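Engineer: Have a look at this one.
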Amino acid sequence: MSGKLLPGFESRPLRQQAFMEGAPIAQMDRAADYESVGQRFESSWAHHLAPEGEADLVFMSRALDEARKGAESGEVPVGALLVSPEGEEIGRAHNCPIRSADPTAHAEILALRQGAKKMGNYRLPGATLYVTIEPCSMCAGAILQARLFRLVFGARDPKAGGVVSLFHILADRRLNHRVRVREGVLEEECRLLICSFFEKHRLREER
Ligand code: ZN
């Protein structure tokens, strides 16, 4: 299978904007340096969950498992996992707008709802959301509403991405909250999963 099958989900460019320059997965995430305050916060976070790079891999592979479940039920395979500042999983969901007849039933929104319910708080400061694909503008907005600390995603979505591709909602200084971002964790797996899904559906339609 090739990434060329689905225009739009190709690999992210090697050279990116400075603030998104991806560090190797094994390294600590220091790339998304939006604010010095954020960086201090990141240092204290690192003590909770070191080595962060390894934890990111573990949580992203769980998000990928969740995305595969979505594919099995005919939904676009996107999976999300929400993790508390203590490293506890507090939400896990895959896309299911079709089955639930709900245009807002994206993996991120569902995981945020679970986490907020579990914590008994509509704000989730210190929490990290793992998503296999770059969140859309709606989900990026929800991430801001929840006051998340950090977002980690796998592959970009050049057609709908609200974080780096079409909009930069989480880094917009006009808004009163910013979220640290790391992209490219298990990127190839995340991208191939969604590409193969669309390819399969395209072939089915052509038959
Ligand atoms: Zn979304």
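Order determines the names: the first chain of the structure tokens is A, the second B, and so forth; residues in each chain are numbered 1 upward, and ligands are numbered 1 upward as they are shown.
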Identify, counting only C-alpha atoms and all ligand atoms, the protein, DNA and RNA residues located within 12 Å of ligand 1, and give them as a PyMOL selection string.

Structural biologist: chain A and resi 76+78-80+94-97+102-112+131-143+157+159-163

Engineer: Between region 54-167 of chain A and region 172-189 of chain A, at 10 Å or less, what are the per-residue closest atom pairs and their distances in Å? Count only C-alpha atoms, order by chain and rising residue number, and return it as JSON lines.

Structural biologist:
{"residue": "A:Asp56", "atom": "CA", "partner": "A:Val185", "partner_atom": "CA", "distance": 7.2}
{"residue": "A:Leu57", "atom": "CA", "partner": "A:Val185", "partner_atom": "CA", "distance": 6.6}
{"residue": "A:Val58", "atom": "CA", "partner": "A:Leu186", "partner_atom": "CA", "distance": 9.9}
{"residue": "A:Phe59", "atom": "CA", "partner": "A:Val185", "partner_atom": "CA", "distance": 9.9}
{"residue": "A:Met60", "atom": "CA", "partner": "A:Val185", "partner_atom": "CA", "distance": 7.0}
{"residue": "A:Ser61", "atom": "CA", "partner": "A:Leu186", "partner_atom": "CA", "distance": 7.6}
{"residue": "A:Leu64", "atom": "CA", "partner": "A:Glu189", "partner_atom": "CA", "distance": 8.0}
{"residue": "A:Thr128", "atom": "CA", "partner": "A:Arg180", "partner_atom": "CA", "distance": 9.2}
{"residue": "A:Leu129", "atom": "CA", "partner": "A:Val181", "partner_atom": "CA", "distance": 9.8}
{"residue": "A:Tyr130", "atom": "CA", "partner": "A:Val185", "partner_atom": "CA", "distance": 9.4}
{"residue": "A:Val131", "atom": "CA", "partner": "A:Glu183", "partner_atom": "CA", "distance": 9.5}
{"residue": "A:Thr132", "atom": "CA", "partner": "A:Glu187", "partner_atom": "CA", "distance": 7.7}
{"residue": "A:Ile133", "atom": "CA", "partner": "A:Glu187", "partner_atom": "CA", "distance": 8.5}
{"residue": "A:Glu134", "atom": "CA", "partner": "A:Glu183", "partner_atom": "CA", "distance": 8.1}
{"residue": "A:Ala140", "atom": "CA", "partner": "A:Val179", "partner_atom": "CA", "distance": 9.7}
{"residue": "A:Ile143", "atom": "CA", "partner": "A:Val179", "partner_atom": "CA", "distance": 8.2}
{"residue": "A:Leu144", "atom": "CA", "partner": "A:His177", "partner_atom": "CA", "distance": 6.5}
{"residue": "A:Gln145", "atom": "CA", "partner": "A:His177", "partner_atom": "CA", "distance": 8.7}
{"residue": "A:Ala146", "atom": "CA", "partner": "A:His177", "partner_atom": "CA", "distance": 9.9}
{"residue": "A:Arg147", "atom": "CA", "partner": "A:His177", "partner_atom": "CA", "distance": 6.8}
{"residue": "A:Leu148", "atom": "CA", "partner": "A:Val179", "partner_atom": "CA", "distance": 6.5}
{"residue": "A:Phe149", "atom": "CA", "partner": "A:Val179", "partner_atom": "CA", "distance": 5.4}
{"residue": "A:Arg150", "atom": "CA", "partner": "A:Arg180", "partner_atom": "CA", "distance": 4.6}
{"residue": "A:Leu151", "atom": "CA", "partner": "A:Val181", "partner_atom": "CA", "distance": 4.9}
{"residue": "A:Val152", "atom": "CA", "partner": "A:Arg182", "partner_atom": "CA", "distance": 4.7}
{"residue": "A:Phe153", "atom": "CA", "partner": "A:Glu183", "partner_atom": "CA", "distance": 4.8}
{"residue": "A:Gly154", "atom": "CA", "partner": "A:Glu187", "partner_atom": "CA", "distance": 4.3}
{"residue": "A:Ala155", "atom": "CA", "partner": "A:Glu187", "partner_atom": "CA", "distance": 4.8}
{"residue": "A:Arg156", "atom": "CA", "partner": "A:Glu183", "partner_atom": "CA", "distance": 7.9}
{"residue": "A:Val163", "atom": "CA", "partner": "A:Val181", "partner_atom": "CA", "distance": 8.5}
{"residue": "A:Val164", "atom": "CA", "partner": "A:Glu183", "partner_atom": "CA", "distance": 9.4}
{"residue": "A:Phe167", "atom": "CA", "partner": "A:Asp172", "partner_atom": "CA", "distance": 9.1}

Engineer: Mind dumping the selected residues with N, CA and C atoms as an mmCIF file, in the first residue's frame?

Structural biologist:
data_model
loop_
_atom_site.group_PDB
_atom_site.id
_atom_site.type_symbol
_atom_site.label_atom_id
_atom_site.label_comp_id
_atom_site.auth_asym_id
_atom_site.auth_seq_id
_atom_site.Cartn_x
_atom_site.Cartn_y
_atom_site.Cartn_z
ATOM 1 N N ASP A 56 4.371 8.279 25.197
ATOM 2 C CA ASP A 56 3.625 8.710 24.011
ATOM 3 C C ASP A 56 3.395 7.539 23.063
ATOM 4 N N LEU A 57 4.395 6.699 22.913
ATOM 5 C CA LEU A 57 4.266 5.539 22.024
ATOM 6 C C LEU A 57 3.212 4.569 22.533
ATOM 7 N N VAL A 58 3.253 4.318 23.838
ATOM 8 C CA VAL A 58 2.297 3.379 24.442
ATOM 9 C C VAL A 58 0.870 3.893 24.273
ATOM 10 N N PHE A 59 0.661 5.158 24.608
ATOM 11 C CA PHE A 59 -0.694 5.707 24.529
ATOM 12 C C PHE A 59 -1.175 5.812 23.081
ATOM 13 N N MET A 60 -0.269 6.154 22.179
ATOM 14 C CA MET A 60 -0.683 6.264 20.776
ATOM 15 C C MET A 60 -1.032 4.894 20.202
ATOM 16 N N SER A 61 -0.331 3.855 20.639
ATOM 17 C CA SER A 61 -0.685 2.539 20.091
ATOM 18 C C SER A 61 -2.056 2.104 20.610
ATOM 19 N N LEU A 64 -4.456 3.815 18.398
ATOM 20 C CA LEU A 64 -4.512 3.112 17.110
ATOM 21 C C LEU A 64 -5.426 1.887 17.191
ATOM 22 N N THR A 128 -3.543 15.082 28.726
ATOM 23 C CA THR A 128 -3.010 14.974 27.361
ATOM 24 C C THR A 128 -3.953 14.134 26.521
ATOM 25 N N LEU A 129 -4.230 14.609 25.311
ATOM 26 C CA LEU A 129 -5.070 13.853 24.382
ATOM 27 C C LEU A 129 -4.193 13.284 23.271
ATOM 28 N N TYR A 130 -4.329 11.985 23.055
ATOM 29 C CA TYR A 130 -3.632 11.302 21.956
ATOM 30 C C TYR A 130 -4.639 11.019 20.858
ATOM 31 N N VAL A 131 -4.341 11.417 19.641
ATOM 32 C CA VAL A 131 -5.235 11.192 18.512
ATOM 33 C C VAL A 131 -4.421 10.689 17.327
ATOM 34 N N THR A 132 -4.977 9.717 16.610
ATOM 35 C CA THR A 132 -4.213 9.137 15.499
ATOM 36 C C THR A 132 -4.070 10.116 14.336
ATOM 37 N N ILE A 133 -5.073 10.985 14.146
ATOM 38 C CA ILE A 133 -5.051 11.952 13.048
ATOM 39 C C ILE A 133 -5.230 13.366 13.606
ATOM 40 N N GLU A 134 -4.605 14.316 12.986
ATOM 41 C CA GLU A 134 -4.715 15.722 13.404
ATOM 42 C C GLU A 134 -6.181 16.113 13.603
ATOM 43 N N ALA A 140 -10.332 20.786 17.747
ATOM 44 C CA ALA A 140 -9.326 21.702 18.292
ATOM 45 C C ALA A 140 -10.009 22.708 19.215
ATOM 46 N N ILE A 143 -10.743 21.020 22.466
ATOM 47 C CA ILE A 143 -9.501 20.850 23.236
ATOM 48 C C ILE A 143 -9.194 22.132 24.009
ATOM 49 N N LEU A 144 -9.447 23.266 23.371
ATOM 50 C CA LEU A 144 -9.259 24.551 24.062
ATOM 51 C C LEU A 144 -10.269 24.710 25.193
ATOM 52 N N GLN A 145 -11.525 24.366 24.906
ATOM 53 C CA GLN A 145 -12.569 24.492 25.936
ATOM 54 C C GLN A 145 -12.228 23.660 27.168
ATOM 55 N N ALA A 146 -11.621 22.504 26.945
ATOM 56 C CA ALA A 146 -11.278 21.607 28.054
ATOM 57 C C ALA A 146 -9.988 22.043 28.748
ATOM 58 N N ARG A 147 -9.305 23.039 28.183
ATOM 59 C CA ARG A 147 -8.048 23.552 28.765
ATOM 60 C C ARG A 147 -6.992 22.449 28.894
ATOM 61 N N LEU A 148 -6.942 21.596 27.875
ATOM 62 C CA LEU A 148 -5.944 20.524 27.909
ATOM 63 C C LEU A 148 -4.540 21.105 27.931
ATOM 64 N N PHE A 149 -3.641 20.333 28.483
ATOM 65 C CA PHE A 149 -2.243 20.753 28.550
ATOM 66 C C PHE A 149 -1.508 20.429 27.258
ATOM 67 N N ARG A 150 -1.832 19.253 26.707
ATOM 68 C CA ARG A 150 -1.000 18.772 25.614
ATOM 69 C C ARG A 150 -1.815 17.915 24.650
ATOM 70 N N LEU A 151 -1.472 18.036 23.362
ATOM 71 C CA LEU A 151 -2.064 17.192 22.321
ATOM 72 C C LEU A 151 -0.941 16.455 21.607
ATOM 73 N N VAL A 152 -1.125 15.156 21.425
ATOM 74 C CA VAL A 152 -0.168 14.362 20.645
ATOM 75 C C VAL A 152 -0.952 13.709 19.517
ATOM 76 N N PHE A 153 -0.534 13.941 18.279
ATOM 77 C CA PHE A 153 -1.239 13.254 17.199
ATOM 78 C C PHE A 153 -0.274 12.564 16.250
ATOM 79 N N GLY A 154 -0.831 11.610 15.478
ATOM 80 C CA GLY A 154 0.004 10.808 14.583
ATOM 81 C C GLY A 154 0.258 11.487 13.253
ATOM 82 N N ALA A 155 -0.747 11.434 12.364
ATOM 83 C CA ALA A 155 -0.564 11.981 11.019
ATOM 84 C C ALA A 155 -1.396 13.242 10.809
ATOM 85 N N ARG A 156 -0.915 14.077 9.931
ATOM 86 C CA ARG A 156 -1.657 15.294 9.599
ATOM 87 C C ARG A 156 -2.880 14.995 8.749
ATOM 88 N N VAL A 163 -5.016 22.088 13.476
ATOM 89 C CA VAL A 163 -3.889 22.334 14.389
ATOM 90 C C VAL A 163 -2.644 22.842 13.652
ATOM 91 N N VAL A 164 -2.360 22.213 12.510
ATOM 92 C CA VAL A 164 -1.212 22.673 11.721
ATOM 93 C C VAL A 164 -1.525 22.801 10.226
ATOM 94 N N PHE A 167 -5.679 25.347 9.879
ATOM 95 C CA PHE A 167 -5.718 26.397 10.905
ATOM 96 C C PHE A 167 -4.692 26.065 11.979
#

Engineer: Mind pulling up the distance from CA of Ser73 (chain A) to CA of Ile194 (chain A)?

Structural biologist: 13.6 Å

Engineer: Between CA of Phe197 (chain A) and CA of Glu72 (chain A), measure the distance and give it in Å to one decimal.

Structural biologist: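 A separation of 9.7 Å between them.
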
Engineer: Taking only C-alpha atoms into account, name the residue in A:Ala71, A:Gly115, A:Glu89, A:Asp65 that is nearest to His201 (chain A).

Structural biologist: A:Ala71

Engineer: Region 40-190 of chain A: which residues are strand (DSSP E or B) by DSSP, as a PyMOL selection string?

Structural biologist: chain A and resi 79-83+89-94+128-133+136+150-155+161+180-183

Engineer: Could you save those same residues with N, CA and C atoms as a PDB file, in the first residue's frame?

Structural biologist:
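Below is the file that was written, selection-v2.pdb:
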ATOM      1  N   GLY A  79      -8.786   7.247  16.208  1.00  0.00           N
ATOM      2  CA  GLY A  79      -8.920   6.860  17.604  1.00  0.00           C
ATOM      3  C   GLY A  79      -8.307   7.922  18.509  1.00  0.00           C
ATOM      4  N   ALA A  80      -8.889   8.058  19.702  1.00  0.00           N
ATOM      5  CA  ALA A  80      -8.375   9.045  20.659  1.00  0.00           C
ATOM      6  C   ALA A  80      -8.306   8.446  22.054  1.00  0.00           C
ATOM      7  N   LEU A  81      -7.315   8.915  22.806  1.00  0.00           N
ATOM      8  CA  LEU A  81      -7.108   8.446  24.170  1.00  0.00           C
ATOM      9  C   LEU A  81      -6.794   9.659  25.036  1.00  0.00           C
ATOM     10  N   LEU A  82      -7.493   9.765  26.153  1.00  0.00           N
ATOM     11  CA  LEU A  82      -7.260  10.906  27.038  1.00  0.00           C
ATOM     12  C   LEU A  82      -6.570  10.414  28.305  1.00  0.00           C
ATOM     13  N   VAL A  83      -5.510  11.105  28.700  1.00  0.00           N
ATOM     14  CA  VAL A  83      -4.688  10.662  29.823  1.00  0.00           C
ATOM     15  C   VAL A  83      -4.560  11.784  30.854  1.00  0.00           C
ATOM     16  N   GLU A  89      -5.454   6.556  32.180  1.00  0.00           N
ATOM     17  CA  GLU A  89      -6.363   6.704  31.035  1.00  0.00           C
ATOM     18  C   GLU A  89      -7.755   7.073  31.545  1.00  0.00           C
ATOM     19  N   ILE A  90      -8.294   8.199  31.068  1.00  0.00           N
ATOM     20  CA  ILE A  90      -9.617   8.629  31.535  1.00  0.00           C
ATOM     21  C   ILE A  90     -10.636   8.734  30.398  1.00  0.00           C
ATOM     22  N   GLY A  91     -10.204   8.430  29.173  1.00  0.00           N
ATOM     23  CA  GLY A  91     -11.146   8.435  28.049  1.00  0.00           C
ATOM     24  C   GLY A  91     -10.553   7.720  26.858  1.00  0.00           C
ATOM     25  N   ARG A  92     -11.403   7.008  26.129  1.00  0.00           N
ATOM     26  CA  ARG A  92     -10.920   6.294  24.948  1.00  0.00           C
ATOM     27  C   ARG A  92     -12.100   6.134  23.991  1.00  0.00           C
ATOM     28  N   ALA A  93     -11.923   6.543  22.744  1.00  0.00           N
ATOM     29  CA  ALA A  93     -13.043   6.473  21.806  1.00  0.00           C
ATOM     30  C   ALA A  93     -12.545   6.470  20.367  1.00  0.00           C
ATOM     31  N   HIS A  94     -13.421   6.006  19.476  1.00  0.00           N
ATOM     32  CA  HIS A  94     -13.138   6.129  18.053  1.00  0.00           C
ATOM     33  C   HIS A  94     -14.258   6.921  17.404  1.00  0.00           C
ATOM     34  N   THR A 128      -3.543  15.082  28.726  1.00  0.00           N
ATOM     35  CA  THR A 128      -3.010  14.974  27.361  1.00  0.00           C
ATOM     36  C   THR A 128      -3.953  14.134  26.521  1.00  0.00           C
ATOM     37  N   LEU A 129      -4.230  14.609  25.311  1.00  0.00           N
ATOM     38  CA  LEU A 129      -5.070  13.853  24.382  1.00  0.00           C
ATOM     39  C   LEU A 129      -4.193  13.284  23.271  1.00  0.00           C
ATOM     40  N   TYR A 130      -4.329  11.985  23.055  1.00  0.00           N
ATOM     41  CA  TYR A 130      -3.632  11.302  21.956  1.00  0.00           C
ATOM     42  C   TYR A 130      -4.639  11.019  20.858  1.00  0.00           C
ATOM     43  N   VAL A 131      -4.341  11.417  19.641  1.00  0.00           N
ATOM     44  CA  VAL A 131      -5.235  11.192  18.512  1.00  0.00           C
ATOM     45  C   VAL A 131      -4.421  10.689  17.327  1.00  0.00           C
ATOM     46  N   THR A 132      -4.977   9.717  16.610  1.00  0.00           N
ATOM     47  CA  THR A 132      -4.213   9.137  15.499  1.00  0.00           C
ATOM     48  C   THR A 132      -4.070  10.116  14.336  1.00  0.00           C
ATOM     49  N   ILE A 133      -5.073  10.985  14.146  1.00  0.00           N
ATOM     50  CA  ILE A 133      -5.051  11.952  13.048  1.00  0.00           C
ATOM     51  C   ILE A 133      -5.230  13.366  13.606  1.00  0.00           C
ATOM     52  N   CYS A 136      -9.723  18.097  13.762  1.00  0.00           N
ATOM     53  CA  CYS A 136     -10.349  19.105  12.907  1.00  0.00           C
ATOM     54  C   CYS A 136     -10.568  20.384  13.728  1.00  0.00           C
ATOM     55  N   ARG A 150      -1.832  19.253  26.707  1.00  0.00           N
ATOM     56  CA  ARG A 150      -1.000  18.772  25.614  1.00  0.00           C
ATOM     57  C   ARG A 150      -1.815  17.915  24.650  1.00  0.00           C
ATOM     58  N   LEU A 151      -1.472  18.036  23.362  1.00  0.00           N
ATOM     59  CA  LEU A 151      -2.064  17.192  22.321  1.00  0.00           C
ATOM     60  C   LEU A 151      -0.941  16.455  21.607  1.00  0.00           C
ATOM     61  N   VAL A 152      -1.125  15.156  21.425  1.00  0.00           N
ATOM     62  CA  VAL A 152      -0.168  14.362  20.645  1.00  0.00           C
ATOM     63  C   VAL A 152      -0.952  13.709  19.517  1.00  0.00           C
ATOM     64  N   PHE A 153      -0.534  13.941  18.279  1.00  0.00           N
ATOM     65  CA  PHE A 153      -1.239  13.254  17.199  1.00  0.00           C
ATOM     66  C   PHE A 153      -0.274  12.564  16.250  1.00  0.00           C
ATOM     67  N   GLY A 154      -0.831  11.610  15.478  1.00  0.00           N
ATOM     68  CA  GLY A 154       0.004  10.808  14.583  1.00  0.00           C
ATOM     69  C   GLY A 154       0.258  11.487  13.253  1.00  0.00           C
ATOM     70  N   ALA A 155      -0.747  11.434  12.364  1.00  0.00           N
ATOM     71  CA  ALA A 155      -0.564  11.981  11.019  1.00  0.00           C
ATOM     72  C   ALA A 155      -1.396  13.242  10.809  1.00  0.00           C
ATOM     73  N   GLY A 161      -7.446  19.482   8.920  1.00  0.00           N
ATOM     74  CA  GLY A 161      -6.705  19.679  10.164  1.00  0.00           C
ATOM     75  C   GLY A 161      -6.794  21.094  10.716  1.00  0.00           C
ATOM     76  N   ARG A 180       0.238  22.619  24.187  1.00  0.00           N
ATOM     77  CA  ARG A 180       1.467  22.083  23.589  1.00  0.00           C
ATOM     78  C   ARG A 180       1.113  20.976  22.616  1.00  0.00           C
ATOM     79  N   VAL A 181       1.852  20.901  21.531  1.00  0.00           N
ATOM     80  CA  VAL A 181       1.515  19.944  20.477  1.00  0.00           C
ATOM     81  C   VAL A 181       2.739  19.130  20.100  1.00  0.00           C
ATOM     82  N   ARG A 182       2.544  17.847  19.982  1.00  0.00           N
ATOM     83  CA  ARG A 182       3.570  16.994  19.388  1.00  0.00           C
ATOM     84  C   ARG A 182       2.916  16.189  18.277  1.00  0.00           C
ATOM     85  N   GLU A 183       3.512  16.175  17.117  1.00  0.00           N
ATOM     86  CA  GLU A 183       2.950  15.380  16.024  1.00  0.00           C
ATOM     87  C   GLU A 183       3.952  14.346  15.552  1.00  0.00           C
TER      88      GLU A 183
END

Engineer: Mind listing the alpha helix (DSSP H) residues of region 31-197 of chain A, per DSSP on the backbone, as a compact mmCIF listing (two decimals) with N, CA and C atoms, in the first residue's frame?

Structural biologist:
# COMPACT_ATOMS: atom_id res chain seq x y z
N SER A 36 7.16 30.60 27.37
CA SER A 36 8.12 30.17 28.37
C SER A 36 7.41 29.52 29.55
N VAL A 37 6.21 30.04 29.87
CA VAL A 37 5.43 29.44 30.96
C VAL A 37 5.11 27.99 30.62
N GLY A 38 4.71 27.79 29.37
CA GLY A 38 4.39 26.45 28.91
C GLY A 38 5.58 25.53 29.06
N GLN A 39 6.75 26.05 28.80
CA GLN A 39 7.94 25.23 28.87
C GLN A 39 8.24 24.82 30.31
N ARG A 40 8.05 25.75 31.23
CA ARG A 40 8.27 25.40 32.64
C ARG A 40 7.29 24.32 33.06
N PHE A 41 6.06 24.49 32.59
CA PHE A 41 5.01 23.53 32.89
C PHE A 41 5.41 22.16 32.35
N GLU A 42 5.94 22.17 31.14
CA GLU A 42 6.34 20.93 30.49
C GLU A 42 7.41 20.21 31.31
N SER A 43 8.34 20.99 31.90
CA SER A 43 9.40 20.39 32.69
C SER A 43 8.81 19.66 33.90
N SER A 44 7.82 20.29 34.55
CA SER A 44 7.26 19.64 35.73
C SER A 44 6.46 18.40 35.31
N TRP A 45 5.82 18.50 34.15
CA TRP A 45 5.08 17.36 33.61
C TRP A 45 6.04 16.19 33.40
N ALA A 46 7.22 16.50 32.91
CA ALA A 46 8.18 15.45 32.57
C ALA A 46 8.49 14.59 33.79
N HIS A 47 8.47 15.21 34.98
CA HIS A 47 8.76 14.43 36.19
C HIS A 47 7.67 13.41 36.47
N HIS A 48 6.44 13.77 36.08
CA HIS A 48 5.33 12.85 36.31
C HIS A 48 5.42 11.62 35.42
N GLU A 52 8.87 10.64 28.63
CA GLU A 52 7.64 10.99 27.96
C GLU A 52 7.52 10.36 26.57
N GLY A 53 8.64 10.28 25.86
CA GLY A 53 8.61 9.73 24.51
C GLY A 53 8.07 8.31 24.50
N GLU A 54 8.52 7.53 25.46
CA GLU A 54 8.06 6.15 25.56
C GLU A 54 6.57 6.08 25.88
N ALA A 55 6.14 6.91 26.81
CA ALA A 55 4.73 6.94 27.19
C ALA A 55 3.88 7.34 25.99
N ASP A 56 4.37 8.28 25.20
CA ASP A 56 3.63 8.71 24.01
C ASP A 56 3.39 7.54 23.06
N LEU A 57 4.39 6.70 22.91
CA LEU A 57 4.27 5.54 22.02
C LEU A 57 3.21 4.57 22.53
N VAL A 58 3.25 4.32 23.84
CA VAL A 58 2.30 3.38 24.44
C VAL A 58 0.87 3.89 24.27
N PHE A 59 0.66 5.16 24.61
CA PHE A 59 -0.69 5.71 24.53
C PHE A 59 -1.18 5.81 23.08
N MET A 60 -0.27 6.15 22.18
CA MET A 60 -0.68 6.26 20.78
C MET A 60 -1.03 4.89 20.20
N SER A 61 -0.33 3.85 20.64
CA SER A 61 -0.68 2.54 20.09
C SER A 61 -2.06 2.10 20.61
N ARG A 62 -2.42 2.55 21.81
CA ARG A 62 -3.79 2.26 22.28
C ARG A 62 -4.82 3.04 21.45
N ALA A 63 -4.48 4.26 21.11
CA ALA A 63 -5.38 5.07 20.27
C ALA A 63 -5.54 4.40 18.90
N LEU A 64 -4.46 3.82 18.40
CA LEU A 64 -4.51 3.11 17.11
C LEU A 64 -5.43 1.89 17.19
N ASP A 65 -5.33 1.15 18.30
CA ASP A 65 -6.22 0.00 18.50
C ASP A 65 -7.68 0.46 18.43
N GLU A 66 -7.93 1.58 19.07
CA GLU A 66 -9.29 2.13 19.10
C GLU A 66 -9.72 2.54 17.68
N ALA A 67 -8.82 3.14 16.92
CA ALA A 67 -9.13 3.54 15.54
C ALA A 67 -9.50 2.32 14.70
N ARG A 68 -8.81 1.21 14.92
CA ARG A 68 -9.10 -0.02 14.15
C ARG A 68 -10.51 -0.51 14.44
N LYS A 69 -10.94 -0.35 15.69
CA LYS A 69 -12.32 -0.72 16.03
C LYS A 69 -13.30 0.11 15.21
N GLY A 70 -12.98 1.38 15.04
CA GLY A 70 -13.83 2.25 14.24
C GLY A 70 -13.94 1.75 12.81
N ALA A 71 -12.79 1.35 12.25
CA ALA A 71 -12.78 0.86 10.87
C ALA A 71 -13.66 -0.37 10.73
N GLU A 72 -13.60 -1.24 11.75
CA GLU A 72 -14.40 -2.47 11.71
C GLU A 72 -15.89 -2.17 11.66
N ALA A 107 -13.80 11.12 17.55
CA ALA A 107 -13.11 10.41 18.63
C ALA A 107 -12.68 11.35 19.76
N GLU A 108 -12.16 12.51 19.40
CA GLU A 108 -11.65 13.45 20.40
C GLU A 108 -12.76 13.94 21.33
N ILE A 109 -13.90 14.31 20.72
CA ILE A 109 -15.03 14.84 21.50
C ILE A 109 -15.52 13.77 22.48
N LEU A 110 -15.65 12.54 21.99
CA LEU A 110 -16.17 11.45 22.83
C LEU A 110 -15.21 11.16 23.98
N ALA A 111 -13.91 11.17 23.69
CA ALA A 111 -12.93 10.91 24.75
C ALA A 111 -12.93 12.05 25.78
N LEU A 112 -13.08 13.29 25.31
CA LEU A 112 -13.14 14.43 26.23
C LEU A 112 -14.37 14.34 27.13
N ARG A 113 -15.49 13.95 26.54
CA ARG A 113 -16.72 13.81 27.35
C ARG A 113 -16.54 12.76 28.44
N GLN A 114 -15.94 11.64 28.06
CA GLN A 114 -15.69 10.58 29.06
C GLN A 114 -14.80 11.10 30.19
N GLY A 115 -13.72 11.76 29.80
CA GLY A 115 -12.76 12.24 30.79
C GLY A 115 -13.37 13.28 31.73
N ALA A 116 -14.13 14.21 31.15
CA ALA A 116 -14.74 15.27 31.96
C ALA A 116 -15.74 14.67 32.95
N LYS A 117 -16.47 13.67 32.48
CA LYS A 117 -17.45 13.00 33.34
C LYS A 117 -16.72 12.29 34.48
N LYS A 118 -15.66 11.59 34.12
CA LYS A 118 -14.92 10.83 35.12
C LYS A 118 -14.29 11.75 36.16
N MET A 119 -13.77 12.90 35.72
CA MET A 119 -13.12 13.81 36.65
C MET A 119 -14.14 14.73 37.34
N SER A 137 -11.14 21.40 13.09
CA SER A 137 -11.32 22.68 13.78
C SER A 137 -12.30 22.53 14.96
N MET A 138 -13.33 21.71 14.80
CA MET A 138 -14.28 21.50 15.90
C MET A 138 -13.58 20.88 17.11
N CYS A 139 -12.80 19.85 16.86
CA CYS A 139 -12.13 19.16 17.97
C CYS A 139 -11.03 20.03 18.58
N ALA A 140 -10.33 20.79 17.75
CA ALA A 140 -9.33 21.70 18.29
C ALA A 140 -10.01 22.71 19.22
N GLY A 141 -11.20 23.17 18.83
CA GLY A 141 -11.97 24.08 19.68
C GLY A 141 -12.33 23.43 21.00
N ALA A 142 -12.73 22.17 20.94
CA ALA A 142 -13.11 21.44 22.16
C ALA A 142 -11.89 21.24 23.07
N ILE A 143 -10.74 21.02 22.47
CA ILE A 143 -9.50 20.85 23.24
C ILE A 143 -9.19 22.13 24.01
N LEU A 144 -9.45 23.27 23.37
CA LEU A 144 -9.26 24.55 24.06
C LEU A 144 -10.27 24.71 25.19
N GLN A 145 -11.53 24.37 24.91
CA GLN A 145 -12.57 24.49 25.94
C GLN A 145 -12.23 23.66 27.17
N GLU A 187 3.32 7.93 13.22
CA GLU A 187 2.69 8.61 12.09
C GLU A 187 2.35 7.67 10.94
N GLU A 188 3.30 6.83 10.57
CA GLU A 188 3.10 5.96 9.41
C GLU A 188 1.93 4.99 9.63
N GLU A 189 1.86 4.40 10.83
CA GLU A 189 0.77 3.47 11.13
C GLU A 189 -0.57 4.20 11.07
N CYS A 190 -0.62 5.39 11.65
CA CYS A 190 -1.86 6.16 11.69
C CYS A 190 -2.31 6.53 10.27
N ARG A 191 -1.35 6.93 9.46
CA ARG A 191 -1.66 7.36 8.10
C ARG A 191 -2.11 6.17 7.23
N LEU A 192 -1.38 5.07 7.36
CA LEU A 192 -1.71 3.91 6.53
C LEU A 192 -3.08 3.35 6.87
N LEU A 193 -3.43 3.39 8.14
CA LEU A 193 -4.74 2.88 8.56
C LEU A 193 -5.85 3.64 7.86
N ILE A 194 -5.74 4.96 7.86
CA ILE A 194 -6.80 5.77 7.26
C ILE A 194 -6.76 5.69 5.73
N CYS A 195 -5.56 5.61 5.17
CA CYS A 195 -5.43 5.49 3.70
C CYS A 195 -6.04 4.19 3.22
N SER A 196 -5.76 3.07 3.93
CA SER A 196 -6.27 1.79 3.47
C SER A 196 -7.79 1.76 3.60
N PHE A 197 -8.31 2.43 4.62
CA PHE A 197 -9.76 2.50 4.79
C PHE A 197 -10.40 3.20 3.59

Engineer: Out of A:Ala101, A:Gly120, A:Gly126, A:His168, which residue has the shortest atom-to-atom distance to Pro85 (chain A) when counting only C-alpha atoms?

Structural biologist: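 Between A:Ala101, A:Gly120, A:Gly126, A:His168, the residue approaching Pro85 (chain A) most closely is A:Gly126.
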